[in-house]
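Note: the block below is protein_7.txt and it holds compact mmCIF, C-alpha atoms and all ligand atoms.
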```
# COMPACT_ATOMS: atom_id res chain seq x y z
CA MET A 560 -24.41 -4.64 -17.62
CA ASN A 561 -21.55 -2.19 -17.72
CA ALA A 562 -17.89 -3.11 -17.66
CA GLN A 563 -15.71 -2.48 -14.62
CA LEU A 564 -12.74 -0.23 -15.29
CA LEU A 565 -9.25 -1.69 -15.68
CA ASP A 566 -7.82 1.59 -14.48
CA GLY A 567 -4.47 2.07 -16.17
CA LYS A 568 -4.18 5.67 -15.11
CA ALA A 569 -4.54 4.97 -11.38
CA THR A 570 -2.47 1.78 -11.53
CA ALA A 571 0.35 3.58 -13.36
CA ALA A 572 0.27 6.29 -10.67
CA ASP A 573 0.63 3.58 -7.97
CA ILE A 574 3.59 2.09 -9.84
CA ARG A 575 5.26 5.50 -10.20
CA ARG A 576 4.98 6.01 -6.44
CA GLU A 577 6.57 2.61 -5.83
CA LEU A 578 9.35 3.39 -8.31
CA ALA A 579 10.02 6.84 -6.82
CA GLY A 580 11.11 5.18 -3.55
CA ARG A 581 13.49 2.84 -5.36
CA VAL A 582 14.88 5.74 -7.42
CA ALA A 583 15.57 7.73 -4.24
CA GLU A 584 17.47 4.77 -2.71
CA LEU A 585 19.46 4.21 -5.91
CA THR A 586 20.31 7.87 -6.26
CA ALA A 587 21.61 7.95 -2.69
CA ALA A 588 23.62 4.74 -3.17
CA VAL A 589 25.12 5.54 -6.59
CA GLY A 590 25.47 9.30 -6.20
CA ARG A 591 23.40 10.12 -9.26
CA PRO A 592 19.89 9.34 -10.51
CA PRO A 593 19.07 6.80 -13.22
CA GLY A 594 18.76 8.49 -16.61
CA LEU A 595 16.27 7.77 -19.42
CA GLY A 596 17.29 8.75 -22.93
CA THR A 597 14.87 9.25 -25.82
CA VAL A 598 15.76 9.44 -29.49
CA LEU A 599 13.08 11.16 -31.56
CA VAL A 600 13.43 11.82 -35.29
CA GLY A 601 11.16 14.34 -37.03
CA ASP A 602 8.14 16.25 -35.81
CA ASP A 603 5.19 13.86 -35.89
CA PRO A 604 2.83 15.42 -33.31
CA GLY A 605 1.84 12.04 -31.85
CA SER A 606 5.45 10.93 -31.33
CA ARG A 607 6.33 14.33 -29.83
CA ALA A 608 3.44 14.05 -27.37
CA TYR A 609 4.47 10.51 -26.30
CA VAL A 610 8.08 11.50 -25.77
CA ALA A 611 7.05 14.59 -23.80
CA GLY A 612 4.86 12.37 -21.60
CA LYS A 613 7.77 10.02 -20.92
CA HIS A 614 9.94 12.90 -19.72
CA ARG A 615 7.14 14.23 -17.48
CA ASP A 616 6.91 10.76 -15.90
CA CYS A 617 10.69 10.75 -15.37
CA ALA A 618 10.60 14.09 -13.59
CA GLN A 619 7.87 12.80 -11.31
CA VAL A 620 9.84 9.76 -10.10
CA GLY A 621 13.28 11.42 -10.02
CA ILE A 622 14.77 9.90 -13.17
CA ALA A 623 17.01 12.26 -15.17
CA SER A 624 15.97 13.01 -18.77
CA ILE A 625 18.33 12.84 -21.72
CA ARG A 626 16.67 14.03 -24.92
CA ARG A 627 17.99 13.62 -28.43
CA ASP A 628 15.55 15.32 -30.81
CA LEU A 629 16.81 14.98 -34.37
CA PRO A 630 15.49 16.66 -37.54
CA ALA A 631 13.32 14.71 -40.02
CA GLY A 632 16.19 14.61 -42.52
CA THR A 633 18.64 12.86 -40.13
CA SER A 634 20.81 10.30 -41.94
CA GLN A 635 21.35 6.68 -40.90
CA ARG A 636 24.92 7.58 -39.97
CA GLN A 637 23.79 10.47 -37.77
CA ILE A 638 21.22 8.44 -35.85
CA GLU A 639 23.77 5.65 -35.38
CA GLU A 640 26.21 8.19 -33.94
CA THR A 641 23.51 9.22 -31.47
CA ILE A 642 23.02 5.56 -30.51
CA ASP A 643 26.78 5.16 -29.98
CA GLU A 644 26.80 8.25 -27.73
CA LEU A 645 23.98 6.97 -25.56
CA ASN A 646 25.59 3.52 -25.35
CA ALA A 647 28.76 5.19 -24.04
CA ASP A 648 27.11 7.75 -21.73
CA PRO A 649 27.26 6.56 -18.09
CA ALA A 650 24.49 9.01 -17.12
CA CYS A 651 22.12 7.15 -19.48
CA THR A 652 20.98 3.92 -17.80
CA GLY A 653 18.33 3.15 -20.39
CA TYR A 654 16.93 4.66 -23.55
CA ILE A 655 14.37 4.24 -26.30
CA VAL A 656 14.21 5.07 -29.98
CA GLN A 657 10.71 6.41 -30.62
CA LEU A 658 9.08 4.37 -33.39
CA PRO A 659 8.16 4.59 -36.18
CA LEU A 660 11.28 6.18 -37.65
CA PRO A 661 10.93 8.04 -40.98
CA PRO A 662 10.94 5.52 -43.86
CA HIS A 663 14.41 6.47 -45.14
CA LEU A 664 15.94 5.12 -41.91
CA ASP A 665 16.57 1.44 -41.19
CA ALA A 666 14.87 0.93 -37.82
CA ASN A 667 16.09 -2.66 -37.40
CA ALA A 668 19.71 -1.60 -37.89
CA VAL A 669 19.20 1.15 -35.29
CA LEU A 670 17.64 -1.24 -32.73
CA GLU A 671 20.39 -3.78 -33.37
CA ARG A 672 23.06 -1.14 -32.63
CA MET A 673 21.69 -0.39 -29.16
CA ASP A 674 23.39 -1.81 -26.10
CA PRO A 675 20.86 -4.50 -25.07
CA VAL A 676 21.56 -3.68 -21.41
CA LYS A 677 20.25 -0.13 -22.01
CA ASP A 678 17.21 -1.20 -24.04
CA ALA A 679 14.36 0.30 -21.98
CA ASP A 680 11.73 -0.85 -24.51
CA GLY A 681 12.70 -4.53 -24.59
CA LEU A 682 12.73 -4.37 -28.39
CA HIS A 683 16.40 -5.17 -29.06
CA PRO A 684 16.65 -8.46 -30.99
CA VAL A 685 18.75 -9.97 -28.19
CA ASN A 686 16.10 -9.10 -25.61
CA LEU A 687 13.24 -10.36 -27.78
CA GLY A 688 15.30 -13.55 -28.19
CA ARG A 689 15.71 -13.81 -24.42
CA LEU A 690 11.94 -13.44 -24.06
CA VAL A 691 11.48 -16.44 -26.37
CA LEU A 692 14.09 -18.39 -24.41
CA GLY A 693 12.66 -17.44 -21.01
CA VAL A 694 15.90 -15.74 -19.94
CA ARG A 695 15.64 -12.59 -17.78
CA ALA A 696 15.73 -9.41 -19.86
CA PRO A 697 13.93 -6.08 -20.13
CA LEU A 698 10.39 -6.84 -21.31
CA PRO A 699 8.45 -4.92 -23.99
CA CYS A 700 6.58 -2.17 -22.15
CA THR A 701 3.01 -2.53 -23.43
CA PRO A 702 2.82 -6.33 -22.98
CA ARG A 703 4.38 -6.03 -19.53
CA GLY A 704 1.94 -3.22 -18.68
CA ILE A 705 -1.04 -5.30 -19.76
CA VAL A 706 0.02 -8.29 -17.63
CA GLU A 707 0.61 -5.98 -14.65
CA LEU A 708 -2.78 -4.28 -15.13
CA LEU A 709 -4.57 -7.64 -15.20
CA ARG A 710 -2.63 -8.91 -12.18
CA ARG A 711 -3.37 -5.83 -10.08
CA HIS A 712 -7.08 -6.18 -10.82
CA ASP A 713 -7.02 -9.90 -9.92
CA VAL A 714 -8.10 -11.01 -13.40
CA PRO A 715 -7.32 -14.75 -13.53
CA LEU A 716 -4.93 -15.71 -16.33
CA ALA A 717 -4.30 -19.42 -15.74
CA GLY A 718 -6.28 -21.37 -18.30
CA ALA A 719 -7.87 -18.22 -19.74
CA ARG A 720 -8.48 -18.11 -23.48
CA VAL A 721 -6.91 -14.90 -24.78
CA CYS A 722 -7.56 -13.49 -28.24
CA VAL A 723 -4.88 -11.03 -29.38
CA ILE A 724 -5.69 -8.96 -32.46
CA GLY A 725 -2.66 -7.51 -34.24
CA ARG A 726 0.83 -8.88 -34.94
CA GLY A 727 2.91 -5.73 -34.46
CA ILE A 728 6.36 -5.94 -32.91
CA THR A 729 5.57 -3.77 -29.86
CA VAL A 730 2.37 -5.53 -28.73
CA GLY A 731 0.75 -8.34 -30.71
CA ARG A 732 3.76 -10.56 -31.26
CA PRO A 733 5.44 -10.35 -27.86
CA ILE A 734 2.36 -10.42 -25.63
CA GLY A 735 1.62 -14.06 -26.36
CA LEU A 736 5.11 -14.90 -25.16
CA LEU A 737 4.40 -13.29 -21.77
CA LEU A 738 0.92 -14.71 -21.34
CA THR A 739 1.95 -18.28 -22.19
CA ARG A 740 4.80 -18.40 -19.65
CA ARG A 741 4.17 -21.00 -16.95
CA SER A 742 3.68 -18.19 -14.43
CA GLU A 743 0.72 -16.81 -16.43
CA ASN A 744 -0.46 -20.04 -18.10
CA ALA A 745 -2.97 -18.49 -20.50
CA THR A 746 -3.84 -19.91 -23.92
CA VAL A 747 -3.32 -17.35 -26.66
CA THR A 748 -4.67 -17.05 -30.19
CA LEU A 749 -3.01 -14.42 -32.39
CA CYS A 750 -5.39 -12.91 -34.96
CA HIS A 751 -4.38 -10.50 -37.74
CA THR A 752 -5.57 -9.11 -41.07
CA GLY A 753 -5.29 -12.57 -42.63
CA THR A 754 -7.54 -14.19 -39.99
CA LYS A 755 -10.78 -15.70 -41.26
CA GLY A 756 -13.73 -15.45 -38.89
CA LEU A 757 -12.32 -12.90 -36.44
CA ALA A 758 -15.70 -12.62 -34.69
CA TRP A 759 -15.62 -16.36 -33.89
CA HIS A 760 -12.16 -16.09 -32.32
CA VAL A 761 -13.19 -13.06 -30.27
CA ARG A 762 -16.38 -14.80 -29.11
CA GLU A 763 -14.36 -17.76 -27.77
CA ALA A 764 -12.12 -15.52 -25.68
CA ASN A 765 -12.27 -14.74 -21.96
CA ILE A 766 -9.76 -11.95 -22.58
CA VAL A 767 -9.56 -9.83 -25.75
CA ILE A 768 -6.52 -7.66 -26.47
CA ALA A 769 -7.06 -5.41 -29.49
CA ALA A 770 -3.85 -3.93 -30.90
CA ALA A 771 -4.63 -3.64 -34.58
CA GLY A 772 -4.89 0.14 -34.95
CA SER A 773 -8.29 -0.21 -36.61
CA PRO A 774 -10.85 2.13 -35.00
CA GLY A 775 -13.96 0.43 -33.60
CA LEU A 776 -12.88 -3.00 -34.93
CA VAL A 777 -14.28 -4.99 -31.99
CA THR A 778 -18.03 -4.52 -31.58
CA LYS A 779 -20.26 -5.66 -28.72
CA ASP A 780 -21.93 -8.41 -30.77
CA MET A 781 -18.54 -10.15 -31.14
CA LEU A 782 -17.87 -10.43 -27.41
CA ARG A 783 -18.56 -13.17 -24.89
CA PRO A 784 -20.64 -11.50 -22.14
CA GLY A 785 -18.38 -10.66 -19.21
CA ALA A 786 -15.19 -10.80 -21.29
CA VAL A 787 -12.13 -8.86 -20.16
CA VAL A 788 -11.41 -6.38 -22.94
CA LEU A 789 -8.22 -4.36 -23.37
CA ASP A 790 -8.07 -1.61 -25.96
CA VAL A 791 -4.51 -1.14 -27.18
CA GLY A 792 -5.25 0.53 -30.50
CA ILE A 793 -4.74 4.28 -30.68
CA THR A 794 -5.80 6.24 -33.73
CA ARG A 795 -5.58 10.02 -33.67
CA THR A 796 -8.58 11.72 -35.31
CA ASP A 797 -9.82 15.31 -35.40
CA GLN A 798 -12.33 14.24 -32.73
CA GLY A 799 -9.54 12.92 -30.47
CA LEU A 800 -8.13 9.46 -29.72
CA VAL A 801 -10.11 6.46 -30.98
CA GLY A 802 -9.44 2.87 -29.92
CA ASP A 803 -9.94 -0.52 -31.59
CA ILE A 804 -12.82 -1.32 -29.23
CA HIS A 805 -16.20 0.12 -30.19
CA PRO A 806 -17.65 2.17 -27.28
CA ASP A 807 -20.78 -0.04 -27.13
CA ALA A 808 -18.58 -2.99 -26.10
CA ALA A 809 -18.67 -1.67 -22.53
CA GLN A 810 -22.28 -2.88 -22.33
CA VAL A 811 -21.19 -6.50 -22.76
CA ALA A 812 -17.64 -6.64 -21.34
CA GLY A 813 -17.00 -7.54 -17.69
CA TRP A 814 -13.82 -5.47 -17.52
CA LEU A 815 -12.53 -2.82 -19.91
CA ALA A 816 -9.16 -1.10 -20.28
CA PRO A 817 -10.15 1.95 -22.32
CA VAL A 818 -8.40 4.42 -24.61
CA PRO A 819 -7.36 6.72 -23.07
CA GLY A 820 -6.59 5.61 -19.52
CA GLY A 821 -5.80 1.91 -19.96
CA ALA A 822 -2.78 0.37 -21.64
CA GLY A 823 -1.16 3.73 -22.58
CA PRO A 824 -0.32 4.92 -19.06
CA MET A 825 0.76 1.37 -18.13
CA THR A 826 3.16 1.33 -21.07
CA ARG A 827 4.80 4.48 -19.78
CA ALA A 828 5.00 3.13 -16.23
CA MET A 829 6.73 -0.04 -17.45
CA LEU A 830 9.27 2.02 -19.36
CA LEU A 831 10.19 3.64 -16.05
CA ALA A 832 10.31 0.21 -14.39
CA ASN A 833 12.71 -1.05 -17.07
CA VAL A 834 14.99 1.97 -16.52
CA VAL A 835 14.98 1.56 -12.74
CA GLU A 836 15.70 -2.17 -13.02
CA ALA A 837 18.61 -1.53 -15.40
CA ALA A 838 20.01 1.01 -12.92
CA GLU A 839 19.59 -1.45 -10.04
CA ARG A 840 21.47 -4.13 -11.99
CA ASN A 841 24.23 -1.57 -12.71
CA ALA A 842 24.46 -0.65 -9.03
CA ALA A 843 24.73 -4.33 -8.02
CA ALA A 844 27.42 -5.09 -10.63
N1 LIG B 1 10.10 2.83 -29.17
C1 LIG B 1 8.82 2.99 -28.92
N2 LIG B 1 8.33 2.61 -27.73
C2 LIG B 1 7.00 2.78 -27.45
O1 LIG B 1 6.56 2.41 -26.35
C3 LIG B 1 6.17 3.38 -28.43
C4 LIG B 1 6.75 3.78 -29.63
N3 LIG B 1 8.06 3.57 -29.85
N4 LIG B 1 6.00 4.36 -30.58
C5 LIG B 1 4.60 4.65 -30.40
C6 LIG B 1 3.95 3.74 -29.39
C7 LIG B 1 2.71 4.32 -28.78
N5 LIG B 1 2.96 4.40 -27.37
C8 LIG B 1 2.12 4.98 -26.42
C9 LIG B 1 2.49 5.16 -25.11
C10 LIG B 1 1.67 5.80 -24.21
C11 LIG B 1 0.45 6.25 -24.59
C12 LIG B 1 -0.40 6.96 -23.62
O2 LIG B 1 0.02 7.32 -22.54
N6 LIG B 1 -1.67 7.23 -23.96
C13 LIG B 1 -2.60 7.96 -23.10
C14 LIG B 1 -3.15 9.16 -23.83
C15 LIG B 1 -2.07 10.06 -24.34
C16 LIG B 1 -2.63 11.16 -25.23
O3 LIG B 1 -3.60 11.82 -24.82
O4 LIG B 1 -2.08 11.32 -26.33
C17 LIG B 1 -3.73 7.04 -22.73
O5 LIG B 1 -3.98 6.07 -23.46
O6 LIG B 1 -4.37 7.30 -21.73
C18 LIG B 1 0.03 6.07 -25.89
C19 LIG B 1 0.87 5.43 -26.79
C20 LIG B 1 4.23 3.98 -27.11
N7 LIG B 1 4.83 3.59 -28.22
```
Mind turning the file's structure into structure tokens?
Ligand SMILES: Nc1nc(=O)c2c([nH]1)NC[C@@H]1CN(c3ccc(C(=O)N[C@@H](CCC(=O)O)C(=O)O)cc3)C=[N+]21
Amino acid sequence: MNAQLLDGKATAADIRRELAGRVAELTAAVGRPPGLGTVLVGDDPGSRAYVAGKHRDCAQVGIASIRRDLPAGTSQRQIEETIDELNADPACTGYIVQLPLPPHLDANAVLERMDPVKDADGLHPVNLGRLVLGVRAPLPCTPRGIVELLRRHDVPLAGARVCVIGRGITVGRPIGLLLTRRSENATVTLCHTGTKGLAWHVREANIVIAAAGSPGLVTKDMLRPGAVVLDVGITRTDQGLVGDIHPDAAQVAGWLAPVPGGAGPMTRAMLLANVVEAAERNAAA
């Protein structure tokens, strides 16, 4: 058996086409395009590549790009000034602060300072709180992208047993909140480095979401045959990108969202969706 592809690349391209139409309408109605801001500190090659990709996506759908690239030695005060500028800039409808920030900066204080209305990542504490409360708010991009990818491939979620591996703020923690909404109705187990018997939890699952950042962590012997497997771990090596799912897992899985070409492109597409939705709310206000 060989897994069917959960094709994040093609699905993200579909979503960008859908968004491009909405951006054109908005731009005509408002008199200027929505604008995505990015705040990048330092010169980590991975972070640079991600931010560059986000601006390429923007260009493709007609969203204006606002880049704030700051040197590695930027002070807390300087990055907070940049946040204040973007909060005040009417051309900037949404923005993100590329994480991780260098260790001398307080990332939580930076996120907290953002205008929650402009939070294109859904990572502002107010928006994460709204997610817990079930109040409408921008959703974290990777979790939203995963749900959208599953939906567009008709993977049933209601009653599914989902095993999430990893408790990070961008993926592992918030995704359970999306999948356990009444509209999705999945049952979610959150595994992490303190979990005993990871293989047992994975084996129980109809859907496995690996976001631990541990290359090859999930092997084919751990999986229920036919399981839906999403690789959300990305580790950069000299040989290229390596995911948390061992390549052999494709022999056992029913569906696979691979690295690259799975959750990554969907994450970027959902960032654009969050920006467009913020601009639509602005236009309606
Ligand atoms: N504030 C913030 N928001 C983020 O959303 C955020 C972040 N910080 N920090 C880092 C992680 C990582 N992340 C990725 C997004 C897209 C791909 C992606 O498009 N990957 C391509 C491959 C890209 C390549 O070749 O490098 C793929 O999987 O097919 C990967 C990783 C967003 N993150």
Dump as CSV the rows for residues of chain A within 9 Å of ligand LIG 1 (chain B): closest atom pair and distance in Å with one decimal, all atoms listed in the file counted, ordered by chain and rising residue number.
```
residue,atom,partner,partner_atom,distance
A:Gly567,CA,B:LIG1,O6,7.6
A:Lys568,CA,B:LIG1,O6,6.8
A:Thr597,CA,B:LIG1,N1,8.7
A:Val598,CA,B:LIG1,N1,8.7
A:Gly605,CA,B:LIG1,O4,6.8
A:Ser606,CA,B:LIG1,C5,6.4
A:Ala608,CA,B:LIG1,O4,6.2
A:Tyr609,CA,B:LIG1,C9,5.8
A:Val610,CA,B:LIG1,C9,8.5
A:Gly612,CA,B:LIG1,O2,7.1
A:Lys613,CA,B:LIG1,C10,8.1
A:Ile655,CA,B:LIG1,N1,5.3
A:Val656,CA,B:LIG1,N1,4.8
A:Gln657,CA,B:LIG1,N1,3.9
A:Leu658,CA,B:LIG1,N3,3.8
A:Pro659,CA,B:LIG1,N4,6.0
A:Leu660,CA,B:LIG1,N3,8.8
A:Ala679,CA,B:LIG1,N2,8.6
A:Asp680,CA,B:LIG1,N2,5.8
A:Gly681,CA,B:LIG1,N2,8.9
A:Leu682,CA,B:LIG1,N1,7.7
A:Pro699,CA,B:LIG1,O1,7.9
A:Cys700,CA,B:LIG1,O1,6.2
A:Thr701,CA,B:LIG1,O1,6.7
A:Thr729,CA,B:LIG1,C2,7.1
A:Val791,CA,B:LIG1,O5,8.1
A:Gly792,CA,B:LIG1,C19,8.7
A:Ile793,CA,B:LIG1,C19,6.9
A:Arg795,CA,B:LIG1,O4,8.2
A:Gly799,CA,B:LIG1,O3,8.3
A:Leu800,CA,B:LIG1,O3,7.1
A:Pro817,CA,B:LIG1,O5,7.5
A:Val818,CA,B:LIG1,O5,4.9
A:Pro819,CA,B:LIG1,O6,3.3
A:Gly820,CA,B:LIG1,O6,3.6
A:Gly821,CA,B:LIG1,O5,5.7
A:Ala822,CA,B:LIG1,O5,6.1
A:Gly823,CA,B:LIG1,C12,3.5
A:Pro824,CA,B:LIG1,O2,4.2
A:Met825,CA,B:LIG1,O2,7.4
A:Thr826,CA,B:LIG1,C9,5.6
A:Arg827,CA,B:LIG1,C10,5.6
A:Leu830,CA,B:LIG1,O1,7.5
```
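Across the model, the gap from CA of Ala745 in chain A to CA of Ala816 in chain A is 18.5 Å.
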Next item on the list: Give the answer as one residue: which of A:Arg626, A:Arg576, A:Arg615, A:Arg591 has the shortest atom-to-atom distance to Ala842 in chain A, using only C-alpha atoms?
Entry: A:Arg591
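Proximity to Asp628 in chain A was assessed for A:Asn833, A:Thr748, A:Gln798, A:Thr641 counting all atoms listed in the file; the smallest distance is recorded for A:Thr641.
Counting only C-alpha atoms and comparing A:Met673, A:Ile766, A:Thr752, A:Val694, the residue that lies closest to Pro715 in chain A is A:Ile766.
Separating CA of Ala717 in chain A from CA of Ile705 in chain A is a distance of 15.0 Å.
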Notebook entry, point to check: Could you state the separation of CA of Thr652 in chain A and CA of Gly594 in chain A in Å, given to one decimal place?
Noted result: 5.2 Å
Next item on the list: Check the smallest atom-to-atom distance from each of A:Ile734, A:Leu565, A:Val834, A:Met781 to Gly756 in chain A using only C-alpha atoms, then report the winner.
Entry: A:Met781
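Distances from A:Ala844, A:Trp814, A:Val730, A:Ile724 to Val777 in chain A were compared using only C-alpha atoms, and the smallest one belongs to A:Ile724.
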Item checked: Contacts of Val721 in chain A within 9 Å, all atoms listed in the file, excl. fewer than 5 positions in-chain, as a ChimeraX atom specification -> /A:716,735,738,745-749,761,763-768
Kindly output range 725-756 of chain A as a PDB file, keeping the file's coordinate frame, after building N, CA and C atoms.
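Final file, rebuild_20.pdb:
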```pdb
ATOM      1  N   GLY A 725      -3.779  -8.351 -33.799  1.00  0.00           N
ATOM      2  CA  GLY A 725      -2.660  -7.510 -34.240  1.00  0.00           C
ATOM      3  C   GLY A 725      -1.340  -8.233 -34.029  1.00  0.00           C
ATOM      4  N   ARG A 726      -0.444  -8.139 -35.010  1.00  0.00           N
ATOM      5  CA  ARG A 726       0.830  -8.880 -34.940  1.00  0.00           C
ATOM      6  C   ARG A 726       2.022  -7.930 -34.969  1.00  0.00           C
ATOM      7  N   GLY A 727       1.815  -6.693 -34.485  1.00  0.00           N
ATOM      8  CA  GLY A 727       2.910  -5.730 -34.460  1.00  0.00           C
ATOM      9  C   GLY A 727       4.011  -6.154 -33.496  1.00  0.00           C
ATOM     10  N   ILE A 728       5.193  -5.564 -33.695  1.00  0.00           N
ATOM     11  CA  ILE A 728       6.360  -5.940 -32.910  1.00  0.00           C
ATOM     12  C   ILE A 728       6.256  -5.461 -31.458  1.00  0.00           C
ATOM     13  N   THR A 729       5.602  -4.303 -31.226  1.00  0.00           N
ATOM     14  CA  THR A 729       5.570  -3.770 -29.860  1.00  0.00           C
ATOM     15  C   THR A 729       4.526  -4.454 -28.985  1.00  0.00           C
ATOM     16  N   VAL A 730       3.451  -4.956 -29.555  1.00  0.00           N
ATOM     17  CA  VAL A 730       2.370  -5.530 -28.730  1.00  0.00           C
ATOM     18  C   VAL A 730       1.991  -6.950 -29.150  1.00  0.00           C
ATOM     19  N   GLY A 731       1.409  -7.088 -30.329  1.00  0.00           N
ATOM     20  CA  GLY A 731       0.750  -8.340 -30.710  1.00  0.00           C
ATOM     21  C   GLY A 731       1.666  -9.544 -30.681  1.00  0.00           C
ATOM     22  N   ARG A 732       2.866  -9.403 -31.242  1.00  0.00           N
ATOM     23  CA  ARG A 732       3.760 -10.560 -31.260  1.00  0.00           C
ATOM     24  C   ARG A 732       4.308 -10.911 -29.884  1.00  0.00           C
ATOM     25  N   PRO A 733       4.850  -9.941 -29.148  1.00  0.00           N
ATOM     26  CA  PRO A 733       5.440 -10.350 -27.860  1.00  0.00           C
ATOM     27  C   PRO A 733       4.435 -10.709 -26.774  1.00  0.00           C
ATOM     28  N   ILE A 734       3.209 -10.197 -26.804  1.00  0.00           N
ATOM     29  CA  ILE A 734       2.360 -10.420 -25.630  1.00  0.00           C
ATOM     30  C   ILE A 734       1.994 -11.886 -25.413  1.00  0.00           C
ATOM     31  N   GLY A 735       1.890 -12.619 -26.506  1.00  0.00           N
ATOM     32  CA  GLY A 735       1.620 -14.060 -26.360  1.00  0.00           C
ATOM     33  C   GLY A 735       2.742 -14.767 -25.633  1.00  0.00           C
ATOM     34  N   LEU A 736       3.961 -14.283 -25.823  1.00  0.00           N
ATOM     35  CA  LEU A 736       5.110 -14.900 -25.160  1.00  0.00           C
ATOM     36  C   LEU A 736       5.049 -14.692 -23.648  1.00  0.00           C
ATOM     37  N   LEU A 737       4.549 -13.524 -23.214  1.00  0.00           N
ATOM     38  CA  LEU A 737       4.400 -13.290 -21.770  1.00  0.00           C
ATOM     39  C   LEU A 737       3.251 -14.119 -21.207  1.00  0.00           C
ATOM     40  N   LEU A 738       2.128 -14.080 -21.891  1.00  0.00           N
ATOM     41  CA  LEU A 738       0.920 -14.710 -21.340  1.00  0.00           C
ATOM     42  C   LEU A 738       0.984 -16.225 -21.325  1.00  0.00           C
ATOM     43  N   THR A 739       1.853 -16.812 -22.168  1.00  0.00           N
ATOM     44  CA  THR A 739       1.950 -18.280 -22.190  1.00  0.00           C
ATOM     45  C   THR A 739       3.108 -18.799 -21.346  1.00  0.00           C
ATOM     46  N   ARG A 740       3.805 -17.897 -20.610  1.00  0.00           N
ATOM     47  CA  ARG A 740       4.800 -18.400 -19.650  1.00  0.00           C
ATOM     48  C   ARG A 740       4.069 -19.244 -18.605  1.00  0.00           C
ATOM     49  N   ARG A 741       4.779 -20.169 -17.979  1.00  0.00           N
ATOM     50  CA  ARG A 741       4.170 -21.000 -16.950  1.00  0.00           C
ATOM     51  C   ARG A 741       3.547 -20.157 -15.834  1.00  0.00           C
ATOM     52  N   SER A 742       4.175 -19.034 -15.516  1.00  0.00           N
ATOM     53  CA  SER A 742       3.680 -18.190 -14.430  1.00  0.00           C
ATOM     54  C   SER A 742       2.336 -17.529 -14.770  1.00  0.00           C
ATOM     55  N   GLU A 743       2.000 -17.389 -16.034  1.00  0.00           N
ATOM     56  CA  GLU A 743       0.720 -16.810 -16.430  1.00  0.00           C
ATOM     57  C   GLU A 743      -0.249 -17.903 -16.909  1.00  0.00           C
ATOM     58  N   ASN A 744       0.284 -18.819 -17.723  1.00  0.00           N
ATOM     59  CA  ASN A 744      -0.460 -20.040 -18.100  1.00  0.00           C
ATOM     60  C   ASN A 744      -1.753 -19.802 -18.888  1.00  0.00           C
ATOM     61  N   ALA A 745      -1.811 -18.716 -19.639  1.00  0.00           N
ATOM     62  CA  ALA A 745      -2.970 -18.490 -20.500  1.00  0.00           C
ATOM     63  C   ALA A 745      -2.786 -19.220 -21.831  1.00  0.00           C
ATOM     64  N   THR A 746      -3.872 -19.350 -22.567  1.00  0.00           N
ATOM     65  CA  THR A 746      -3.840 -19.910 -23.920  1.00  0.00           C
ATOM     66  C   THR A 746      -4.135 -18.782 -24.895  1.00  0.00           C
ATOM     67  N   VAL A 747      -3.234 -18.552 -25.840  1.00  0.00           N
ATOM     68  CA  VAL A 747      -3.320 -17.350 -26.660  1.00  0.00           C
ATOM     69  C   VAL A 747      -3.523 -17.671 -28.133  1.00  0.00           C
ATOM     70  N   THR A 748      -4.470 -16.999 -28.742  1.00  0.00           N
ATOM     71  CA  THR A 748      -4.670 -17.050 -30.190  1.00  0.00           C
ATOM     72  C   THR A 748      -4.296 -15.688 -30.764  1.00  0.00           C
ATOM     73  N   LEU A 749      -3.436 -15.685 -31.777  1.00  0.00           N
ATOM     74  CA  LEU A 749      -3.010 -14.420 -32.390  1.00  0.00           C
ATOM     75  C   LEU A 749      -3.754 -14.223 -33.720  1.00  0.00           C
ATOM     76  N   CYS A 750      -4.631 -13.218 -33.743  1.00  0.00           N
ATOM     77  CA  CYS A 750      -5.390 -12.910 -34.960  1.00  0.00           C
ATOM     78  C   CYS A 750      -4.770 -11.689 -35.651  1.00  0.00           C
ATOM     79  N   HIS A 751      -4.984 -11.582 -36.953  1.00  0.00           N
ATOM     80  CA  HIS A 751      -4.380 -10.500 -37.740  1.00  0.00           C
ATOM     81  C   HIS A 751      -5.223 -10.282 -38.980  1.00  0.00           C
ATOM     82  N   THR A 752      -4.740  -9.455 -39.903  1.00  0.00           N
ATOM     83  CA  THR A 752      -5.570  -9.110 -41.070  1.00  0.00           C
ATOM     84  C   THR A 752      -5.839 -10.327 -41.966  1.00  0.00           C
ATOM     85  N   GLY A 753      -5.052 -11.366 -41.827  1.00  0.00           N
ATOM     86  CA  GLY A 753      -5.290 -12.570 -42.630  1.00  0.00           C
ATOM     87  C   GLY A 753      -6.223 -13.570 -41.954  1.00  0.00           C
ATOM     88  N   THR A 754      -6.683 -13.250 -40.740  1.00  0.00           N
ATOM     89  CA  THR A 754      -7.540 -14.190 -39.990  1.00  0.00           C
ATOM     90  C   THR A 754      -8.924 -14.277 -40.620  1.00  0.00           C
ATOM     91  N   LYS A 755      -9.405 -15.500 -40.799  1.00  0.00           N
ATOM     92  CA  LYS A 755     -10.780 -15.700 -41.260  1.00  0.00           C
ATOM     93  C   LYS A 755     -11.654 -15.924 -40.039  1.00  0.00           C
ATOM     94  N   GLY A 756     -12.801 -15.254 -39.999  1.00  0.00           N
ATOM     95  CA  GLY A 756     -13.730 -15.450 -38.890  1.00  0.00           C
ATOM     96  C   GLY A 756     -13.239 -14.840 -37.593  1.00  0.00           C
TER      97      GLY A 756
END
```
